[in-house]
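> If it helps, the file is called structure27.csv and holds CSV, N, CA and C atoms:
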```
chain,number,residue,atom,x,y,z
A,1,MET,N,0.9,-1.2,0.0
A,1,MET,CA,0.0,0.0,0.0
A,1,MET,C,0.9,1.2,0.0
A,2,GLU,N,0.6,2.2,-0.9
A,2,GLU,CA,1.3,3.4,-1.0
A,2,GLU,C,1.0,4.3,0.2
A,3,PRO,N,2.0,5.2,0.6
A,3,PRO,CA,1.8,6.1,1.7
A,3,PRO,C,0.5,7.0,1.5
A,4,SER,N,0.2,7.4,0.3
A,4,SER,CA,-1.0,8.2,0.1
A,4,SER,C,-2.3,7.4,0.3
A,5,GLU,N,-2.2,6.1,0.0
A,5,GLU,CA,-3.4,5.2,0.3
A,5,GLU,C,-3.6,5.0,1.8
A,6,ILE,N,-2.5,4.9,2.5
A,6,ILE,CA,-2.5,4.8,4.0
A,6,ILE,C,-3.2,6.0,4.6
A,7,THR,N,-2.7,7.2,4.2
A,7,THR,CA,-3.2,8.4,4.8
A,7,THR,C,-4.7,8.6,4.4
A,8,ALA,N,-5.0,8.3,3.2
A,8,ALA,CA,-6.4,8.4,2.8
A,8,ALA,C,-7.3,7.5,3.6
A,9,PHE,N,-6.9,6.2,3.9
A,9,PHE,CA,-7.7,5.3,4.7
A,9,PHE,C,-7.8,5.8,6.1
A,10,VAL,N,-6.7,6.3,6.7
A,10,VAL,CA,-6.8,6.8,8.1
A,10,VAL,C,-7.7,8.1,8.1
A,11,ALA,N,-7.6,8.9,7.1
A,11,ALA,CA,-8.5,10.1,7.1
A,11,ALA,C,-10.0,9.7,7.1
A,12,GLU,N,-10.3,8.7,6.3
A,12,GLU,CA,-11.7,8.3,6.2
A,12,GLU,C,-12.1,7.4,7.4
A,13,HIS,N,-11.2,6.7,8.0
A,13,HIS,CA,-11.5,5.7,9.1
A,13,HIS,C,-10.5,6.0,10.3
A,14,PRO,N,-10.9,6.9,11.2
A,14,PRO,CA,-9.9,7.3,12.2
A,14,PRO,C,-10.0,6.3,13.5
A,15,ASP,N,-10.9,5.4,13.5
A,15,ASP,CA,-11.0,4.4,14.6
A,15,ASP,C,-9.9,3.4,14.5
A,16,ALA,N,-9.2,3.1,15.6
A,16,ALA,CA,-8.1,2.2,15.6
A,16,ALA,C,-7.9,1.6,17.0
A,17,ALA,N,-7.1,0.5,17.0
A,17,ALA,CA,-6.6,0.0,18.3
A,17,ALA,C,-5.1,0.1,18.3
A,18,MET,N,-4.5,0.4,19.4
A,18,MET,CA,-3.1,0.5,19.5
A,18,MET,C,-2.6,-0.6,20.4
A,19,VAL,N,-1.6,-1.4,20.0
A,19,VAL,CA,-1.1,-2.5,20.7
A,19,VAL,C,0.3,-2.0,21.2
A,20,THR,N,0.6,-2.0,22.5
A,20,THR,CA,1.9,-1.7,23.0
A,20,THR,C,2.3,-2.9,23.9
A,21,SER,N,3.6,-2.9,24.3
A,21,SER,CA,4.1,-4.0,25.1
A,21,SER,C,4.3,-3.6,26.6
A,22,ARG,N,3.7,-4.4,27.5
A,22,ARG,CA,3.9,-4.2,28.9
A,22,ARG,C,5.3,-4.6,29.3
A,23,ALA,N,5.8,-4.2,30.5
A,23,ALA,CA,7.1,-4.5,30.9
A,23,ALA,C,7.4,-6.0,30.9
A,24,ASP,N,6.4,-6.8,31.1
A,24,ASP,CA,6.6,-8.3,31.2
A,24,ASP,C,6.5,-8.9,29.8
A,25,GLY,N,6.3,-8.1,28.7
A,25,GLY,CA,6.2,-8.5,27.4
A,25,GLY,C,4.8,-8.8,26.8
A,26,ARG,N,3.8,-8.9,27.7
A,26,ARG,CA,2.5,-9.1,27.3
A,26,ARG,C,2.0,-7.9,26.5
A,27,ALA,N,1.0,-8.1,25.6
A,27,ALA,CA,0.4,-7.1,24.8
A,27,ALA,C,-0.6,-6.3,25.7
A,28,HIS,N,-0.7,-5.0,25.4
A,28,HIS,CA,-1.7,-4.2,26.0
A,28,HIS,C,-2.4,-3.5,24.8
A,29,VAL,N,-3.8,-3.6,24.7
A,29,VAL,CA,-4.5,-3.1,23.6
A,29,VAL,C,-5.4,-1.9,24.1
A,30,ALA,N,-5.5,-0.8,23.4
A,30,ALA,CA,-6.3,0.3,23.7
A,30,ALA,C,-7.0,0.8,22.4
A,31,ARG,N,-8.3,1.1,22.6
A,31,ARG,CA,-9.0,1.8,21.5
A,31,ARG,C,-8.6,3.2,21.4
A,32,ILE,N,-8.3,3.7,20.2
A,32,ILE,CA,-7.9,5.1,20.1
A,32,ILE,C,-8.6,5.7,18.9
A,33,GLU,N,-8.4,7.0,18.7
A,33,GLU,CA,-8.9,7.7,17.5
A,33,GLU,C,-7.7,8.4,16.9
A,34,LEU,N,-7.5,8.3,15.6
A,34,LEU,CA,-6.4,8.9,14.9
A,34,LEU,C,-6.8,10.2,14.2
A,35,GLY,N,-5.8,11.0,13.9
A,35,GLY,CA,-6.0,12.2,13.1
A,35,GLY,C,-4.8,12.4,12.2
A,36,LEU,N,-5.0,13.1,11.2
A,36,LEU,CA,-3.9,13.4,10.3
A,36,LEU,C,-3.6,14.9,10.4
A,37,VAL,N,-2.3,15.2,10.8
A,37,VAL,CA,-1.8,16.5,10.9
A,37,VAL,C,-0.6,16.6,10.0
A,38,ASP,N,-0.6,17.5,9.1
A,38,ASP,CA,0.5,17.7,8.1
A,38,ASP,C,0.9,16.4,7.5
A,39,GLY,N,-0.1,15.6,7.2
A,39,GLY,CA,0.2,14.3,6.5
A,39,GLY,C,0.8,13.2,7.4
A,40,ARG,N,0.8,13.4,8.7
A,40,ARG,CA,1.3,12.4,9.6
A,40,ARG,C,0.2,11.9,10.5
A,41,ILE,N,0.3,10.7,10.9
A,41,ILE,CA,-0.8,10.1,11.8
A,41,ILE,C,-0.5,10.5,13.2
A,42,TRP,N,-1.4,11.1,13.9
A,42,TRP,CA,-1.3,11.6,15.3
A,42,TRP,C,-2.4,11.0,16.1
A,43,THR,N,-2.2,10.8,17.4
A,43,THR,CA,-3.2,10.4,18.3
A,43,THR,C,-2.9,11.1,19.6
A,44,SER,N,-3.7,11.0,20.6
A,44,SER,CA,-3.5,11.6,21.9
A,44,SER,C,-3.7,10.7,23.0
A,45,GLY,N,-3.2,11.0,24.2
A,45,GLY,CA,-3.3,10.2,25.4
A,45,GLY,C,-2.9,11.0,26.6
A,46,SER,N,-3.1,10.4,27.7
A,46,SER,CA,-2.7,11.1,29.0
A,46,SER,C,-1.6,10.3,29.7
A,47,PRO,N,-0.7,11.0,30.4
A,47,PRO,CA,0.3,10.3,31.2
A,47,PRO,C,-0.2,9.2,32.1
A,48,SER,N,-1.5,9.3,32.5
A,48,SER,CA,-2.0,8.3,33.4
A,48,SER,C,-2.4,7.0,32.7
A,49,LEU,N,-2.4,6.9,31.4
A,49,LEU,CA,-2.8,5.7,30.7
A,49,LEU,C,-1.7,4.7,30.6
A,50,VAL,N,-2.1,3.4,30.6
A,50,VAL,CA,-1.1,2.3,30.6
A,50,VAL,C,-0.2,2.4,29.3
A,51,ARG,N,-0.9,2.7,28.2
A,51,ARG,CA,-0.1,2.8,26.9
A,51,ARG,C,1.0,3.9,27.0
A,52,HIS,N,0.8,4.9,27.7
A,52,HIS,CA,1.8,6.0,27.9
A,52,HIS,C,3.0,5.5,28.5
A,53,ALA,N,2.9,4.8,29.6
A,53,ALA,CA,4.0,4.2,30.3
A,53,ALA,C,4.7,3.1,29.4
A,54,ASN,N,3.9,2.3,28.7
A,54,ASN,CA,4.5,1.3,27.8
A,54,ASN,C,5.3,2.0,26.7
A,55,LEU,N,4.8,3.1,26.1
A,55,LEU,CA,5.5,3.7,25.0
A,55,LEU,C,6.7,4.5,25.5
A,56,ALA,N,6.7,5.0,26.7
A,56,ALA,CA,7.9,5.7,27.3
A,56,ALA,C,9.0,4.7,27.4
A,57,ARG,N,8.7,3.4,27.7
A,57,ARG,CA,9.7,2.4,27.9
A,57,ARG,C,10.1,1.8,26.5
A,58,ASP,N,9.1,1.6,25.6
A,58,ASP,CA,9.4,0.9,24.3
A,58,ASP,C,8.4,1.6,23.3
A,59,PRO,N,9.0,2.4,22.4
A,59,PRO,CA,8.1,3.2,21.5
A,59,PRO,C,7.5,2.4,20.4
A,60,ARG,N,7.8,1.1,20.3
A,60,ARG,CA,7.2,0.3,19.2
A,60,ARG,C,5.7,0.0,19.5
A,61,SER,N,4.9,0.1,18.4
A,61,SER,CA,3.5,-0.2,18.6
A,61,SER,C,2.9,-0.7,17.2
A,62,THR,N,1.8,-1.4,17.4
A,62,THR,CA,1.1,-1.8,16.2
A,62,THR,C,-0.3,-1.1,16.2
A,63,LEU,N,-0.7,-0.5,15.1
A,63,LEU,CA,-2.0,0.1,15.0
A,63,LEU,C,-2.8,-0.8,14.1
A,64,PHE,N,-4.0,-1.1,14.6
A,64,PHE,CA,-5.1,-1.8,13.8
A,64,PHE,C,-6.1,-0.7,13.5
A,65,VAL,N,-6.1,-0.2,12.3
A,65,VAL,CA,-7.1,0.8,11.8
A,65,VAL,C,-8.2,0.1,11.1
A,66,PHE,N,-9.4,0.5,11.5
A,66,PHE,CA,-10.6,-0.3,10.9
A,66,PHE,C,-11.7,0.6,10.4
A,67,ALA,N,-12.4,0.1,9.4
A,67,ALA,CA,-13.6,0.8,8.9
A,67,ALA,C,-14.7,0.2,9.7
A,68,GLY,N,-15.8,1.0,9.8
A,68,GLY,CA,-17.0,0.6,10.5
A,68,GLY,C,-17.9,-0.3,9.6
A,69,PRO,N,-18.7,-1.0,10.2
A,69,PRO,CA,-19.7,-1.9,9.4
A,69,PRO,C,-20.5,-1.0,8.5
A,70,PRO,N,-20.9,-1.5,7.3
A,70,PRO,CA,-20.7,-2.8,6.8
A,70,PRO,C,-19.4,-3.0,6.1
A,71,ASP,N,-18.5,-2.0,6.1
A,71,ASP,CA,-17.2,-2.0,5.4
A,71,ASP,C,-16.3,-2.8,6.3
A,72,HIS,N,-15.7,-3.9,5.9
A,72,HIS,CA,-14.8,-4.7,6.7
A,72,HIS,C,-13.3,-4.6,6.4
A,73,ARG,N,-13.0,-3.5,5.7
A,73,ARG,CA,-11.5,-3.2,5.4
A,73,ARG,C,-10.8,-2.8,6.7
A,74,TRP,N,-9.5,-3.1,6.7
A,74,TRP,CA,-8.7,-2.7,7.9
A,74,TRP,C,-7.3,-2.6,7.4
A,75,LEU,N,-6.5,-2.0,8.3
A,75,LEU,CA,-5.1,-1.7,7.9
A,75,LEU,C,-4.2,-1.9,9.2
A,76,GLY,N,-3.2,-2.6,9.1
A,76,GLY,CA,-2.2,-2.8,10.2
A,76,GLY,C,-0.9,-2.0,9.9
A,77,LEU,N,-0.5,-1.3,10.9
A,77,LEU,CA,0.7,-0.5,10.8
A,77,LEU,C,1.7,-0.7,11.9
A,78,GLU,N,2.9,-1.0,11.6
A,78,GLU,CA,4.0,-1.1,12.6
A,78,GLU,C,4.6,0.2,12.7
A,79,CYS,N,4.6,0.8,14.0
A,79,CYS,CA,5.0,2.2,14.2
A,79,CYS,C,6.0,2.3,15.3
A,80,ASP,N,6.8,3.4,15.2
A,80,ASP,CA,7.6,3.9,16.3
A,80,ASP,C,6.9,5.2,16.8
A,81,ILE,N,6.4,5.2,18.0
A,81,ILE,CA,5.6,6.3,18.5
A,81,ILE,C,6.5,7.3,19.2
A,82,VAL,N,6.3,8.6,18.9
A,82,VAL,CA,7.0,9.7,19.6
A,82,VAL,C,6.0,10.3,20.5
A,83,VAL,N,6.3,10.2,21.8
A,83,VAL,CA,5.4,10.8,22.9
A,83,VAL,C,5.8,12.2,23.1
A,84,LEU,N,4.9,13.2,23.0
A,84,LEU,CA,5.2,14.6,23.3
A,84,LEU,C,4.4,15.0,24.5
A,85,ASP,N,5.1,15.2,25.6
A,85,ASP,CA,4.5,15.5,26.9
A,85,ASP,C,4.7,17.0,27.2
A,86,GLY,N,3.9,17.5,28.1
A,86,GLY,CA,4.2,18.8,28.7
A,86,GLY,C,3.3,19.9,28.1
A,87,PRO,N,3.2,21.0,28.8
A,87,PRO,CA,2.3,22.1,28.4
A,87,PRO,C,2.8,22.7,27.1
A,88,GLU,N,4.0,22.6,26.8
A,88,GLU,CA,4.5,23.2,25.5
A,88,GLU,C,4.0,22.5,24.3
A,89,ASN,N,3.3,21.4,24.5
A,89,ASN,CA,2.7,20.7,23.4
A,89,ASN,C,1.2,20.9,23.2
A,90,LEU,N,0.6,21.8,24.0
A,90,LEU,CA,-0.8,22.0,24.0
A,90,LEU,C,-1.2,22.5,22.6
A,91,ASP,N,-0.4,23.3,21.9
A,91,ASP,CA,-0.8,23.8,20.6
A,91,ASP,C,-0.9,22.6,19.6
A,92,ARG,N,0.0,21.6,19.8
A,92,ARG,CA,0.0,20.4,18.9
A,92,ARG,C,-1.3,19.6,19.2
A,93,HIS,N,-1.6,19.5,20.4
A,93,HIS,CA,-2.8,18.7,20.8
A,93,HIS,C,-4.1,19.4,20.2
A,94,VAL,N,-4.2,20.7,20.3
A,94,VAL,CA,-5.3,21.5,19.7
A,94,VAL,C,-5.3,21.3,18.2
A,95,ARG,N,-4.2,21.3,17.6
A,95,ARG,CA,-4.1,21.0,16.1
A,95,ARG,C,-4.7,19.6,15.8
A,96,LEU,N,-4.4,18.6,16.6
A,96,LEU,CA,-4.9,17.3,16.4
A,96,LEU,C,-6.4,17.3,16.6
A,97,LEU,N,-6.9,17.9,17.6
A,97,LEU,CA,-8.4,17.9,17.9
A,97,LEU,C,-9.1,18.6,16.7
A,98,ARG,N,-8.5,19.7,16.2
A,98,ARG,CA,-9.1,20.4,15.1
A,98,ARG,C,-9.1,19.6,13.8
A,99,ALA,N,-8.0,18.8,13.6
A,99,ALA,CA,-7.9,18.0,12.5
A,99,ALA,C,-9.0,16.9,12.5
A,100,ARG,N,-9.3,16.4,13.7
A,100,ARG,CA,-10.3,15.4,13.9
A,100,ARG,C,-11.7,15.9,13.7
A,101,HIS,N,-12.0,17.1,14.4
A,101,HIS,CA,-13.3,17.6,14.5
A,101,HIS,C,-13.6,18.9,13.7
A,102,GLY,N,-12.6,19.5,13.1
A,102,GLY,CA,-12.8,20.7,12.4
A,102,GLY,C,-13.2,21.8,13.3
A,103,ASP,N,-14.2,22.6,12.9
A,103,ASP,CA,-14.6,23.8,13.7
A,103,ASP,C,-15.9,23.4,14.4
A,104,ALA,N,-16.2,22.2,14.7
A,104,ALA,CA,-17.4,21.7,15.3
A,104,ALA,C,-17.7,22.4,16.7
A,105,ALA,N,-16.7,22.8,17.4
A,105,ALA,CA,-16.9,23.5,18.7
A,105,ALA,C,-17.0,25.0,18.6
A,106,GLY,N,-16.8,25.6,17.4
A,106,GLY,CA,-16.9,27.0,17.3
A,106,GLY,C,-15.6,27.7,17.5
A,107,ALA,N,-15.6,29.0,17.2
A,107,ALA,CA,-14.3,29.8,17.3
A,107,ALA,C,-13.9,29.9,18.7
A,108,GLY,N,-12.6,29.8,18.9
A,108,GLY,CA,-12.0,29.9,20.3
A,108,GLY,C,-12.2,28.7,21.2
A,109,ARG,N,-12.8,27.6,20.6
A,109,ARG,CA,-13.1,26.4,21.4
A,109,ARG,C,-12.5,25.2,20.7
A,110,VAL,N,-12.5,24.1,21.4
A,110,VAL,CA,-12.1,22.8,20.8
A,110,VAL,C,-13.0,21.7,21.4
A,111,LEU,N,-13.2,20.7,20.5
A,111,LEU,CA,-14.1,19.6,20.9
A,111,LEU,C,-13.1,18.5,21.4
A,112,ALA,N,-13.3,18.0,22.7
A,112,ALA,CA,-12.4,17.0,23.2
A,112,ALA,C,-13.2,16.2,24.2
A,113,HIS,N,-12.6,15.0,24.5
A,113,HIS,CA,-13.3,14.0,25.4
A,113,HIS,C,-13.3,14.5,26.8
A,114,ASP,N,-14.4,14.3,27.5
A,114,ASP,CA,-14.6,14.6,28.9
A,114,ASP,C,-14.9,13.3,29.7
A,115,ASP,N,-14.0,12.8,30.4
A,115,ASP,CA,-14.2,11.5,31.1
A,115,ASP,C,-15.4,11.6,32.1
A,116,THR,N,-15.7,12.8,32.6
A,116,THR,CA,-16.8,12.9,33.6
A,116,THR,C,-18.2,12.7,33.0
A,117,VAL,N,-18.3,13.0,31.7
A,117,VAL,CA,-19.6,12.8,31.0
A,117,VAL,C,-19.5,11.6,30.0
A,118,GLY,N,-18.3,11.1,29.7
A,118,GLY,CA,-18.2,10.0,28.9
A,118,GLY,C,-18.3,10.2,27.4
A,119,HIS,N,-18.1,11.4,27.0
A,119,HIS,CA,-18.1,11.7,25.5
A,119,HIS,C,-17.5,13.1,25.3
A,120,ASP,N,-17.3,13.4,24.0
A,120,ASP,CA,-16.7,14.7,23.6
A,120,ASP,C,-17.7,15.9,24.0
A,121,ARG,N,-17.1,17.0,24.4
A,121,ARG,CA,-17.8,18.2,24.6
A,121,ARG,C,-16.9,19.4,24.2
A,122,PRO,N,-17.5,20.6,24.0
A,122,PRO,CA,-16.7,21.8,23.6
A,122,PRO,C,-16.1,22.3,24.9
A,123,TYR,N,-14.8,22.7,24.7
A,123,TYR,CA,-14.1,23.4,25.8
A,123,TYR,C,-13.6,24.8,25.3
A,124,GLU,N,-13.6,25.8,26.1
A,124,GLU,CA,-12.9,27.0,25.9
A,124,GLU,C,-11.4,26.6,25.9
A,125,LEU,N,-10.6,27.3,25.0
A,125,LEU,CA,-9.2,26.9,24.9
A,125,LEU,C,-8.5,27.0,26.3
A,126,ASP,N,-8.7,28.1,27.0
A,126,ASP,CA,-8.1,28.3,28.3
A,126,ASP,C,-8.6,27.2,29.3
A,127,GLU,N,-9.8,26.8,29.3
A,127,GLU,CA,-10.3,25.8,30.1
A,127,GLU,C,-9.7,24.4,29.8
A,128,TYR,N,-9.5,24.2,28.5
A,128,TYR,CA,-8.9,22.9,28.1
A,128,TYR,C,-7.4,22.8,28.5
A,129,ALA,N,-6.8,24.0,28.5
A,129,ALA,CA,-5.3,24.0,28.9
A,129,ALA,C,-5.1,23.7,30.3
A,130,GLU,N,-6.1,23.8,31.2
A,130,GLU,CA,-5.8,23.5,32.6
A,130,GLU,C,-5.5,22.1,32.9
```
Using structure tokens, write down the structure from this file.

Amino acid sequence: MEPSEITAFVAEHPDAAMVTSRADGRAHVARIELGLVDGRIWTSGSPSLVRHANLARDPRSTLFVFAGPPDHRWLGLECDIVVLDGPENLDRHVRLLRARHGDAAGAGRVLAHDDTVGHDRPYELDEYAE
């Protein structure tokens, strides 16, 4: 598959599973959502997540990108993940969220997941940065 075909598939089908390796070598699987930023595949996560610790120790990962029913196509990608931590990366995270959701949240806002309600909701940028 050509790189342009990979990015087209990811753009159309952002749902994926990320497989990382635990310290004892067992696989850890997490459902994620992908986005394309400047032609590169990006995702997000929190330092409290198991996959974050796994990737800090071993950046190798397998992504299983899938189309929703009734389309049964899928794509497997072997990746080396670069983890970008810290408040200096907030602008990158906002770029990812806007690549995923466009302007759905409106000017000066971003649409992002809220664990307390269990789904995405609009945030003011300064509220999201906290």
> Which value, in Å to one decimal, gives the distance between atom CA of Leu77 of chain A and atom CA of Met18 of chain A?
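These atoms are spaced 9.5 Å apart.
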> Compare A:Asp80, A:Asp15, A:Asp126, A:Glu5 by their minimum atom-to-atom distance to Glu33 of chain A, counting all atoms listed in the file, and give me the closest one.
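The answer is A:Asp15, which sits nearest to Glu33 of chain A.
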> Would you pick out the contacts of Ala53 of chain A at 12 Å or less, using only C-alpha atoms, so that residues sharing its chain but fewer than 2 positions from it are not included, and give the list as a VMD selection string?
chain A and resid 20 to 23 28 45 to 51 55 to 59 83 85
> Identify all residues of chain A in strand (DSSP E) (DSSP on the backbone) and supply them as a ChimeraX atom specification.
/A:15-21,27-33,35-37,40-42,60-66,74-80,109-114,119-124
> Report the distance between atom CA of Ser61 of chain A and atom CA of Ala11 of chain A in Å, rounded to one decimal place.
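A separation of 19.6 Å between them.
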> So what do you get for atom CA of Leu90 of chain A versus atom CA of Val110 of chain A, distance-wise?
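Between atom CA of Leu90 of chain A and atom CA of Val110 of chain A the gap is 11.8 Å.
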> Determine the nearest neighbour of Arg95 of chain A from the options A:Ala30, A:Val37, A:Val10, A:Ala112, counting all atoms listed in the file.
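When distances to Arg95 of chain A are compared using all atoms listed in the file, the smallest one comes from A:Val37.
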> Could you list, as a compact mmCIF listing (two decimals) with N, CA and C atoms, in the frame of the given file, every residue within 10 Å of Gly108 of chain A, counting only C-alpha atoms and ignoring same-chain residues fewer than 6 positions away?

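Printed below is part_31.txt as written:
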```
# COMPACT_ATOMS: atom_id res chain seq x y z
N PRO A 122 -17.50 20.60 24.00
CA PRO A 122 -16.70 21.80 23.60
C PRO A 122 -16.10 22.30 24.90
N TYR A 123 -14.80 22.70 24.70
CA TYR A 123 -14.10 23.40 25.80
C TYR A 123 -13.60 24.80 25.30
N GLU A 124 -13.60 25.80 26.10
CA GLU A 124 -12.90 27.00 25.90
C GLU A 124 -11.40 26.60 25.90
N LEU A 125 -10.60 27.30 25.00
CA LEU A 125 -9.20 26.90 24.90
C LEU A 125 -8.50 27.00 26.30
N ASP A 126 -8.70 28.10 27.00
CA ASP A 126 -8.10 28.30 28.30
C ASP A 126 -8.60 27.20 29.30
```
> Could you model all heavy atoms for segment 97-106 of chain A and present them as a PDB file, in the coordinates of the input?

```pdb
ATOM      1  N   LEU A  97      -6.900  17.900  17.600  1.00  0.00           N
ATOM      2  CA  LEU A  97      -8.400  17.900  17.900  1.00  0.00           C
ATOM      3  C   LEU A  97      -9.100  18.600  16.700  1.00  0.00           C
ATOM      4  O   LEU A  97     -10.175  18.193  16.310  1.00  0.00           O
ATOM      5  CB  LEU A  97      -8.664  18.550  19.210  1.00  0.00           C
ATOM      6  CG  LEU A  97      -8.160  17.753  20.420  1.00  0.00           C
ATOM      7  CD1 LEU A  97      -8.332  18.560  21.697  1.00  0.00           C
ATOM      8  CD2 LEU A  97      -8.854  16.407  20.526  1.00  0.00           C
ATOM      9  N   ARG A  98      -8.500  19.700  16.200  1.00  0.00           N
ATOM     10  CA  ARG A  98      -9.100  20.400  15.100  1.00  0.00           C
ATOM     11  C   ARG A  98      -9.100  19.600  13.800  1.00  0.00           C
ATOM     12  O   ARG A  98      -9.970  19.656  12.980  1.00  0.00           O
ATOM     13  CB  ARG A  98      -8.521  21.780  14.950  1.00  0.00           C
ATOM     14  CG  ARG A  98      -8.932  22.682  16.107  1.00  0.00           C
ATOM     15  CD  ARG A  98      -8.805  24.135  15.788  1.00  0.00           C
ATOM     16  NE  ARG A  98      -9.421  24.928  16.844  1.00  0.00           N
ATOM     17  CZ  ARG A  98      -8.822  25.910  17.459  1.00  0.00           C
ATOM     18  NH1 ARG A  98      -7.597  26.267  17.128  1.00  0.00           N
ATOM     19  NH2 ARG A  98      -9.465  26.574  18.413  1.00  0.00           N
ATOM     20  N   ALA A  99      -8.000  18.800  13.600  1.00  0.00           N
ATOM     21  CA  ALA A  99      -7.900  18.000  12.500  1.00  0.00           C
ATOM     22  C   ALA A  99      -9.000  16.900  12.500  1.00  0.00           C
ATOM     23  O   ALA A  99      -9.556  16.512  11.499  1.00  0.00           O
ATOM     24  CB  ALA A  99      -6.510  17.309  12.386  1.00  0.00           C
ATOM     25  N   ARG A 100      -9.300  16.400  13.700  1.00  0.00           N
ATOM     26  CA  ARG A 100     -10.300  15.400  13.900  1.00  0.00           C
ATOM     27  C   ARG A 100     -11.700  15.900  13.700  1.00  0.00           C
ATOM     28  O   ARG A 100     -12.583  15.337  13.103  1.00  0.00           O
ATOM     29  CB  ARG A 100     -10.243  14.776  15.277  1.00  0.00           C
ATOM     30  CG  ARG A 100      -9.150  13.818  15.505  1.00  0.00           C
ATOM     31  CD  ARG A 100      -9.338  13.237  16.895  1.00  0.00           C
ATOM     32  NE  ARG A 100      -8.190  12.480  17.301  1.00  0.00           N
ATOM     33  CZ  ARG A 100      -7.887  12.239  18.564  1.00  0.00           C
ATOM     34  NH1 ARG A 100      -8.650  12.703  19.531  1.00  0.00           N
ATOM     35  NH2 ARG A 100      -6.836  11.529  18.861  1.00  0.00           N
ATOM     36  N   HIS A 101     -12.000  17.100  14.400  1.00  0.00           N
ATOM     37  CA  HIS A 101     -13.300  17.600  14.500  1.00  0.00           C
ATOM     38  C   HIS A 101     -13.600  18.900  13.700  1.00  0.00           C
ATOM     39  O   HIS A 101     -14.750  19.392  13.789  1.00  0.00           O
ATOM     40  CB  HIS A 101     -13.673  17.823  15.963  1.00  0.00           C
ATOM     41  CG  HIS A 101     -13.454  16.622  16.811  1.00  0.00           C
ATOM     42  ND1 HIS A 101     -14.217  15.489  16.699  1.00  0.00           N
ATOM     43  CD2 HIS A 101     -12.538  16.362  17.776  1.00  0.00           C
ATOM     44  CE1 HIS A 101     -13.795  14.582  17.569  1.00  0.00           C
ATOM     45  NE2 HIS A 101     -12.773  15.085  18.234  1.00  0.00           N
ATOM     46  N   GLY A 102     -12.600  19.500  13.100  1.00  0.00           N
ATOM     47  CA  GLY A 102     -12.800  20.700  12.400  1.00  0.00           C
ATOM     48  C   GLY A 102     -13.200  21.800  13.300  1.00  0.00           C
ATOM     49  O   GLY A 102     -12.756  21.904  14.433  1.00  0.00           O
ATOM     50  N   ASP A 103     -14.200  22.600  12.900  1.00  0.00           N
ATOM     51  CA  ASP A 103     -14.600  23.800  13.700  1.00  0.00           C
ATOM     52  C   ASP A 103     -15.900  23.400  14.400  1.00  0.00           C
ATOM     53  O   ASP A 103     -16.745  24.324  14.711  1.00  0.00           O
ATOM     54  CB  ASP A 103     -14.825  25.005  12.823  1.00  0.00           C
ATOM     55  CG  ASP A 103     -13.498  25.544  12.306  1.00  0.00           C
ATOM     56  OD1 ASP A 103     -12.497  25.398  13.031  1.00  0.00           O
ATOM     57  OD2 ASP A 103     -13.472  26.090  11.194  1.00  0.00           O
ATOM     58  N   ALA A 104     -16.200  22.200  14.700  1.00  0.00           N
ATOM     59  CA  ALA A 104     -17.400  21.700  15.300  1.00  0.00           C
ATOM     60  C   ALA A 104     -17.700  22.400  16.700  1.00  0.00           C
ATOM     61  O   ALA A 104     -18.866  22.593  17.035  1.00  0.00           O
ATOM     62  CB  ALA A 104     -17.443  20.210  15.513  1.00  0.00           C
ATOM     63  N   ALA A 105     -16.700  22.800  17.400  1.00  0.00           N
ATOM     64  CA  ALA A 105     -16.900  23.500  18.700  1.00  0.00           C
ATOM     65  C   ALA A 105     -17.000  25.000  18.600  1.00  0.00           C
ATOM     66  O   ALA A 105     -17.411  25.593  19.553  1.00  0.00           O
ATOM     67  CB  ALA A 105     -15.667  23.138  19.574  1.00  0.00           C
ATOM     68  N   GLY A 106     -16.800  25.600  17.400  1.00  0.00           N
ATOM     69  CA  GLY A 106     -16.900  27.000  17.300  1.00  0.00           C
ATOM     70  C   GLY A 106     -15.600  27.700  17.500  1.00  0.00           C
ATOM     71  O   GLY A 106     -14.615  27.153  18.020  1.00  0.00           O
TER      72      GLY A 106
END
```
